[in-house]
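What's in query.txt: compact mmCIF, C-alpha atoms
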```
# COMPACT_ATOMS: atom_id res chain seq x y z
CA MET A 255 85.23 93.47 76.42
CA ASN A 256 84.88 90.57 73.98
CA ILE A 257 87.33 89.98 71.15
CA SER A 258 85.85 89.94 67.64
CA HIS A 259 87.38 87.55 65.10
CA PHE A 260 85.55 88.94 62.03
CA TYR A 261 88.29 91.13 60.56
CA ALA A 262 91.05 88.64 61.33
CA MET A 263 88.99 86.05 59.45
CA LEU A 264 88.55 88.44 56.53
CA SER A 265 92.31 88.89 56.33
CA ARG A 266 92.50 85.17 55.54
CA MET A 267 90.97 85.83 52.11
CA ARG A 268 94.57 86.04 50.87
CA TYR A 269 94.97 82.31 51.63
CA ILE A 270 92.04 81.18 49.49
CA ASN A 271 93.29 80.52 45.97
CA ARG A 272 90.90 80.66 43.04
CA TRP A 273 90.80 78.56 39.86
CA GLY A 274 91.71 75.42 41.80
CA LEU A 275 91.07 73.02 38.92
CA MET A 276 93.11 75.06 36.44
CA ASN A 277 96.84 75.07 35.71
CA ASN A 278 97.74 78.68 36.57
CA THR A 279 100.87 80.55 35.59
CA ARG A 280 100.15 82.78 38.62
CA CYS A 281 97.78 81.99 41.47
CA GLU A 282 95.03 84.48 42.18
CA ASN A 283 93.74 84.71 45.72
CA LEU A 284 90.32 85.74 46.97
CA SER A 285 91.58 89.03 48.37
CA GLU A 286 92.98 90.12 44.99
CA HIS A 287 89.84 88.99 43.22
CA SER A 288 87.57 90.88 45.62
CA LEU A 289 89.47 94.12 45.04
CA ASP A 290 89.27 93.66 41.26
CA VAL A 291 85.53 93.00 41.44
CA ALA A 292 85.01 96.08 43.62
CA VAL A 293 86.89 98.34 41.21
CA ILE A 294 85.03 96.97 38.19
CA ALA A 295 81.60 97.08 39.90
CA HIS A 296 82.24 100.73 40.78
CA CYS A 297 83.13 101.40 37.14
CA LEU A 298 80.04 99.61 35.79
CA VAL A 299 77.74 101.64 38.03
CA LEU A 300 79.54 104.85 37.00
CA ILE A 301 78.93 103.85 33.37
CA HIS A 302 75.27 103.28 34.23
CA ASN A 303 75.00 106.70 35.89
CA LYS A 304 77.10 108.74 33.44
CA ARG A 305 76.16 107.15 30.13
CA PHE A 306 72.66 105.82 30.72
CA GLY A 307 71.14 108.39 33.09
CA GLY A 308 71.14 106.16 36.15
CA ASN A 309 71.29 107.18 39.77
CA LEU A 310 72.76 104.20 41.59
CA ASN A 311 75.29 104.21 44.42
CA ALA A 312 78.65 103.25 42.89
CA GLU A 313 80.36 103.28 46.28
CA ARG A 314 77.81 100.82 47.69
CA ALA A 315 78.38 98.57 44.67
CA ALA A 316 82.11 98.59 45.38
CA LEU A 317 81.48 97.75 49.03
CA LEU A 318 79.17 94.85 48.18
CA ALA A 319 81.75 93.57 45.71
CA LEU A 320 84.51 93.67 48.33
CA PHE A 321 82.49 91.25 50.45
CA HIS A 322 80.75 89.26 47.68
CA ASP A 323 82.85 86.13 48.24
CA ALA A 324 83.65 86.60 51.93
CA THR A 325 81.86 83.34 52.80
CA GLU A 326 84.56 81.47 50.87
CA ILE A 327 86.85 82.05 53.86
CA ILE A 328 84.78 79.29 55.46
CA THR A 329 83.63 77.29 52.42
CA GLY A 330 86.70 77.61 50.22
CA ASP A 331 86.41 78.40 46.51
CA MET A 332 84.26 75.77 44.89
CA PRO A 333 84.92 75.52 41.13
CA THR A 334 82.04 76.85 39.01
CA PRO A 335 81.50 73.57 37.10
CA VAL A 336 80.97 71.80 40.43
CA LYS A 337 78.91 74.57 42.05
CA TYR A 338 76.42 74.65 39.17
CA PHE A 339 76.59 70.97 38.16
CA ASN A 340 72.90 70.43 38.93
CA PRO A 341 70.09 72.19 40.84
CA GLU A 342 70.56 70.05 43.96
CA ILE A 343 74.25 70.94 44.31
CA LYS A 344 73.53 74.59 43.51
CA ASN A 345 70.81 74.81 46.19
CA ALA A 346 72.92 72.93 48.74
CA TYR A 347 75.82 75.29 48.11
CA LYS A 348 73.52 78.32 48.56
CA GLU A 349 72.55 76.92 51.97
CA ILE A 350 76.20 76.43 52.86
CA GLU A 351 76.95 80.03 51.80
CA THR A 352 74.10 81.33 53.95
CA THR A 353 75.36 79.36 56.94
CA ALA A 354 78.90 80.63 56.35
CA GLY A 355 77.62 84.21 56.11
CA ASN A 356 75.73 83.82 59.37
CA ARG A 357 78.86 82.41 61.02
CA LEU A 358 80.96 85.38 59.86
CA VAL A 359 78.39 87.89 61.08
CA SER A 360 78.21 86.08 64.44
CA MET A 361 81.89 86.99 64.97
CA LEU A 362 81.04 90.71 65.08
CA PRO A 363 80.08 92.88 68.05
CA ASP A 364 76.30 93.16 68.30
CA ASP A 365 76.23 96.79 67.12
CA PHE A 366 78.00 95.84 63.85
CA LYS A 367 75.97 92.74 63.00
CA ASP A 368 73.01 94.31 61.22
CA ASP A 369 75.17 96.49 58.95
CA MET A 370 77.53 93.69 57.97
CA ASP A 371 74.73 91.15 57.55
CA LYS A 372 73.16 93.43 54.93
CA ILE A 373 76.49 93.80 53.13
CA ILE A 374 77.42 90.11 53.12
CA LYS A 375 73.89 89.06 52.08
CA MET A 376 73.46 92.06 49.72
CA ASN A 377 70.01 92.76 51.09
CA GLY A 378 70.27 96.38 52.17
CA ALA A 379 68.20 99.20 50.70
CA GLY A 380 68.85 99.40 46.95
CA ASP A 381 71.12 96.35 46.88
CA ASP A 382 68.85 94.36 44.57
CA GLU A 383 69.60 96.85 41.78
CA LEU A 384 73.34 96.65 42.45
CA LYS A 385 73.63 92.85 42.49
CA LYS A 386 73.72 92.56 38.72
CA TYR A 387 76.66 94.98 38.55
CA VAL A 388 78.56 92.97 41.14
CA LYS A 389 77.82 89.79 39.18
CA ALA A 390 78.94 91.41 35.92
CA ALA A 391 82.11 92.68 37.62
CA ASP A 392 82.76 89.16 38.91
CA LYS A 393 82.52 87.88 35.34
CA PHE A 394 84.84 90.60 34.03
CA SER A 395 87.36 89.76 36.74
CA ALA A 396 87.29 86.13 35.57
CA LEU A 397 87.65 87.24 31.95
CA ILE A 398 90.65 89.40 32.82
CA LYS A 399 92.25 86.45 34.62
CA CYS A 400 91.73 84.37 31.46
CA ILE A 401 93.24 87.12 29.29
CA GLU A 402 96.28 87.36 31.58
CA GLU A 403 96.82 83.60 31.56
CA ILE A 404 96.50 83.35 27.78
CA LYS A 405 98.95 86.25 27.37
CA MET A 406 101.43 84.16 29.35
CA GLY A 407 100.97 81.33 26.83
CA ASN A 408 98.62 79.28 29.00
CA SER A 409 96.00 77.81 26.67
CA GLU A 410 94.35 76.09 29.68
CA PHE A 411 92.18 79.22 30.02
CA SER A 412 90.97 79.40 26.39
CA LYS A 413 87.65 77.60 26.95
CA ALA A 414 87.05 79.47 30.20
CA LYS A 415 87.60 82.74 28.32
CA GLU A 416 85.05 81.79 25.66
CA ALA A 417 82.48 80.70 28.25
CA THR A 418 83.00 83.86 30.33
CA GLU A 419 82.67 86.15 27.29
CA LYS A 420 79.44 84.38 26.38
CA SER A 421 78.14 84.74 29.93
CA ILE A 422 78.91 88.48 29.92
CA HIS A 423 77.14 88.97 26.58
CA ASN A 424 74.13 86.95 27.77
CA MET A 425 73.63 89.45 30.61
CA ASN A 426 72.46 91.97 27.96
CA MET A 427 73.76 94.95 29.92
CA PRO A 428 74.75 98.04 27.92
CA GLU A 429 77.20 98.90 30.71
CA ASN A 430 79.06 95.67 29.95
CA GLU A 431 79.35 96.66 26.29
CA VAL A 432 80.86 100.02 27.25
CA PHE A 433 83.36 98.39 29.62
CA GLU A 434 84.24 95.85 26.95
CA LYS A 435 84.87 98.52 24.30
CA GLU A 436 86.52 101.25 26.38
CA PHE A 437 88.38 99.50 29.20
CA LEU A 438 88.89 95.81 28.41
CA PRO A 439 91.21 96.24 25.37
CA SER A 440 93.94 97.69 27.58
CA PHE A 441 94.19 94.38 29.46
CA TYR A 442 95.49 92.80 26.25
CA LEU A 443 98.41 95.26 26.10
CA SER A 444 101.83 95.25 27.72
CA LEU A 445 102.76 97.96 30.22
CA ASP A 446 104.76 99.82 27.53
CA GLU A 447 101.78 99.70 25.16
CA GLN A 448 99.54 101.25 27.81
CA ASP A 449 101.67 104.40 27.86
```

Mind turning the file's structure into structure tokens?
Amino acid sequence: MNISHFYAMLSRMRYINRWGLMNNTRCENLSEHSLDVAVIAHCLVLIHNKRFGGNLNAERAALLALFHDATEIITGDMPTPVKYFNPEIKNAYKEIETTAGNRLVSMLPDDFKDDMDKIIKMNGAGDDELKKYVKAADKFSALIKCIEEIKMGNSEFSKAKEATEKSIHNMNMPENEVFEKEFLPSFYLSLDEQD
């Protein structure tokens, strides 16, 4: 029997810190971020289904979100300004992500590879519709990080907060508006105020 390294590699997500160019009051790792994105993606799809008559798979959205940055175990977290600096860097990074995804999948037993390849590459049945919810959830996770840092008196995240809010609004998703009005305000409150 061969040993598979896939899940041991995934456990290393906790060692990949995000926001590397920013002065953080508290470091956020990739594992934490992935959980946040999964919870928010699930919520956004529930909003879509419950409030806008949709019929998408919220559980699949959460699963895709859990793995959406798994390739960063191999590539590390490249800061957004660098990743999207110009089309050449963006395309080169996409190739690197694809190679990293293939490497992760290669660590699995053969009978797991097809399933996990579809999750990591988000190319299973119906995944195209779910990608935008994962992307929106990723943006909300970043916004929440900015809110938390600013609450701690860290103005370093002010511009990032503005840019992320603009990015969320530019997605023109009614689900984002609902999340912003009904769920986001609580992140500005203290624990006692949330009672």

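Compared by their closest atoms to Asn271 (chain A), and using all atoms listed in the file, the residues A:Leu317, A:Gly330, A:Ala312, A:Leu438 rank with A:Gly330 nearest.
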
Å distance separating CA of Val299 (chain A) from CA of Tyr387 (chain A), one decimal place: 6.8 Å

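When CA of Trp273 (chain A) is paired with CA of Ala295 (chain A), their separation reads 20.7 Å.
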
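If only C-alpha atoms are the atoms counted, then among A:Leu384, A:Leu318, A:Ile398, A:Ala354 the closest residue to Lys415 (chain A) is A:Ile398.
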
Contacts of Pro363 (chain A) at 12 Å (all atoms listed in the file; same-chain gap of 4+ positions) as a list in words: Met255, Asn256, Ile257, Ser258, His259, Phe260, Tyr261, Leu358, Val359, Lys367, Asp368, Asp369, Met370 and Asp371 of chain A

Choose the residue, out of A:Ala346, A:Met263, A:Ile401, A:Val291, that has the smallest atom-to-atom separation from Ile328 (chain A); count all atoms listed in the file. A:Met263

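The nearest approach to Arg314 (chain A) among the residues A:Pro439, A:Gly378, A:Pro428, A:Gly274, with only C-alpha atoms taken into account, belongs to A:Gly378.
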
Selection: 10 Å around Lys375 (chain A), only C-alpha atoms, excl. self and same-chain fewer than 4 positions, as a PyMOL selection string: chain A and resi 318+321-322+325+351-352+355-356+370-371+381

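CA of Ile350 (chain A) lies 28.0 Å from CA of Glu313 (chain A).
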
Write out as an NGL selection string which residues come within 8 Å of Arg268 (chain A) when counting only C-alpha atoms, dropping same-chain ones fewer than 4 positions away. :A and (283-286)

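Distances to Glu402 (chain A) were evaluated for A:Tyr442, A:Ala315, A:Asn303, A:Cys281 using all atoms listed in the file, and the minimum falls at A:Tyr442.
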
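Between Leu397 (chain A) and the candidates A:Glu349, A:Asp382, A:Glu419, A:Asp365, the tightest atom-to-atom separation, counting only C-alpha atoms, involves A:Glu419.
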
10 Å contact set for Asn277 (chain A), only C-alpha atoms, chain neighbours under 5 positions out, as a ChimeraX atom specification: /A:403,408-411

Which polymer residues have any atom within 12 Å of an atom of Ser421 (chain A), counting all atoms listed in the file, with same-chain residues fewer than 2 positions away left out, as JSON, numbers by chain? {"A": [389, 390, 391, 392, 393, 394, 396, 397, 414, 415, 416, 417, 418, 419, 423, 424, 425, 426, 427, 430]}

Working from the structure I just supplied, which lacks atoms in region 277-288 of chain A, can you model all heavy atoms there and output them as a short mmCIF file (atom, residue, chain, number, x, y, z; two decimals), keeping the file's coordinate frame?
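Produced file selection_3.cif, reproduced below:
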```cif
data_model
loop_
_atom_site.label_atom_id
_atom_site.label_comp_id
_atom_site.auth_asym_id
_atom_site.auth_seq_id
_atom_site.Cartn_x
_atom_site.Cartn_y
_atom_site.Cartn_z
N ASN A 277 95.39 74.90 35.65
CA ASN A 277 96.84 75.07 35.71
C ASN A 277 97.13 76.56 35.52
O ASN A 277 96.97 77.10 34.43
CB ASN A 277 97.50 74.23 34.62
CG ASN A 277 99.00 74.36 34.62
OD1 ASN A 277 99.60 74.82 35.58
ND2 ASN A 277 99.61 73.95 33.52
N ASN A 278 97.52 77.23 36.58
CA ASN A 278 97.74 78.68 36.57
C ASN A 278 99.21 79.01 36.39
O ASN A 278 100.07 78.36 36.99
CB ASN A 278 97.31 79.29 37.92
CG ASN A 278 95.82 79.25 38.14
OD1 ASN A 278 95.13 80.24 37.93
ND2 ASN A 278 95.31 78.11 38.58
N THR A 279 99.50 80.06 35.62
CA THR A 279 100.87 80.55 35.59
C THR A 279 101.12 81.40 36.84
O THR A 279 102.25 81.52 37.30
CB THR A 279 101.17 81.41 34.34
OG1 THR A 279 100.31 82.54 34.32
CG2 THR A 279 101.01 80.59 33.08
N ARG A 280 100.07 81.99 37.39
CA ARG A 280 100.15 82.78 38.62
C ARG A 280 98.86 82.57 39.40
O ARG A 280 97.77 82.76 38.85
CB ARG A 280 100.32 84.26 38.29
CG ARG A 280 100.42 85.14 39.51
CD ARG A 280 100.36 86.63 39.14
NE ARG A 280 100.22 87.43 40.32
CZ ARG A 280 99.07 87.67 40.96
NH1 ARG A 280 97.95 87.16 40.52
NH2 ARG A 280 99.04 88.41 42.04
N CYS A 281 98.97 82.19 40.65
CA CYS A 281 97.78 81.99 41.47
C CYS A 281 97.12 83.33 41.78
O CYS A 281 97.80 84.34 41.95
CB CYS A 281 98.13 81.28 42.78
SG CYS A 281 98.48 79.54 42.55
N GLU A 282 95.81 83.30 41.81
CA GLU A 282 95.03 84.48 42.18
C GLU A 282 94.31 84.14 43.48
O GLU A 282 93.65 83.10 43.56
CB GLU A 282 94.01 84.80 41.09
CG GLU A 282 93.07 85.93 41.45
CD GLU A 282 91.94 86.09 40.44
OE1 GLU A 282 91.18 85.12 40.21
OE2 GLU A 282 91.83 87.19 39.88
N ASN A 283 94.44 85.00 44.48
CA ASN A 283 93.74 84.71 45.72
C ASN A 283 92.45 85.50 45.82
O ASN A 283 92.19 86.42 45.04
CB ASN A 283 94.66 84.91 46.94
CG ASN A 283 95.05 86.35 47.17
OD1 ASN A 283 94.21 87.25 47.16
ND2 ASN A 283 96.33 86.57 47.40
N LEU A 284 91.65 85.14 46.79
CA LEU A 284 90.32 85.74 46.97
C LEU A 284 90.40 87.22 47.30
O LEU A 284 89.54 88.00 46.88
CB LEU A 284 89.57 84.97 48.06
CG LEU A 284 88.12 85.32 48.30
CD1 LEU A 284 87.30 85.14 47.04
CD2 LEU A 284 87.56 84.46 49.42
N SER A 285 91.42 87.62 48.02
CA SER A 285 91.58 89.03 48.37
C SER A 285 91.81 89.88 47.12
O SER A 285 91.18 90.92 46.93
CB SER A 285 92.75 89.17 49.35
OG SER A 285 92.82 90.47 49.85
N GLU A 286 92.72 89.42 46.25
CA GLU A 286 92.98 90.12 44.99
C GLU A 286 91.71 90.19 44.14
O GLU A 286 91.37 91.24 43.59
CB GLU A 286 94.05 89.39 44.18
CG GLU A 286 95.41 89.38 44.79
CD GLU A 286 96.34 88.43 44.05
OE1 GLU A 286 96.02 87.23 43.93
OE2 GLU A 286 97.38 88.91 43.58
N HIS A 287 91.06 89.06 44.03
CA HIS A 287 89.84 88.99 43.22
C HIS A 287 88.78 89.95 43.73
O HIS A 287 88.15 90.66 42.95
CB HIS A 287 89.31 87.55 43.23
CG HIS A 287 87.94 87.40 42.67
ND1 HIS A 287 87.65 87.57 41.34
CD2 HIS A 287 86.76 87.10 43.28
CE1 HIS A 287 86.36 87.38 41.14
NE2 HIS A 287 85.80 87.09 42.30
N SER A 288 88.60 90.01 45.04
CA SER A 288 87.57 90.88 45.62
C SER A 288 87.85 92.35 45.32
O SER A 288 86.93 93.11 45.02
CB SER A 288 87.46 90.65 47.12
OG SER A 288 87.05 89.33 47.36
#
```
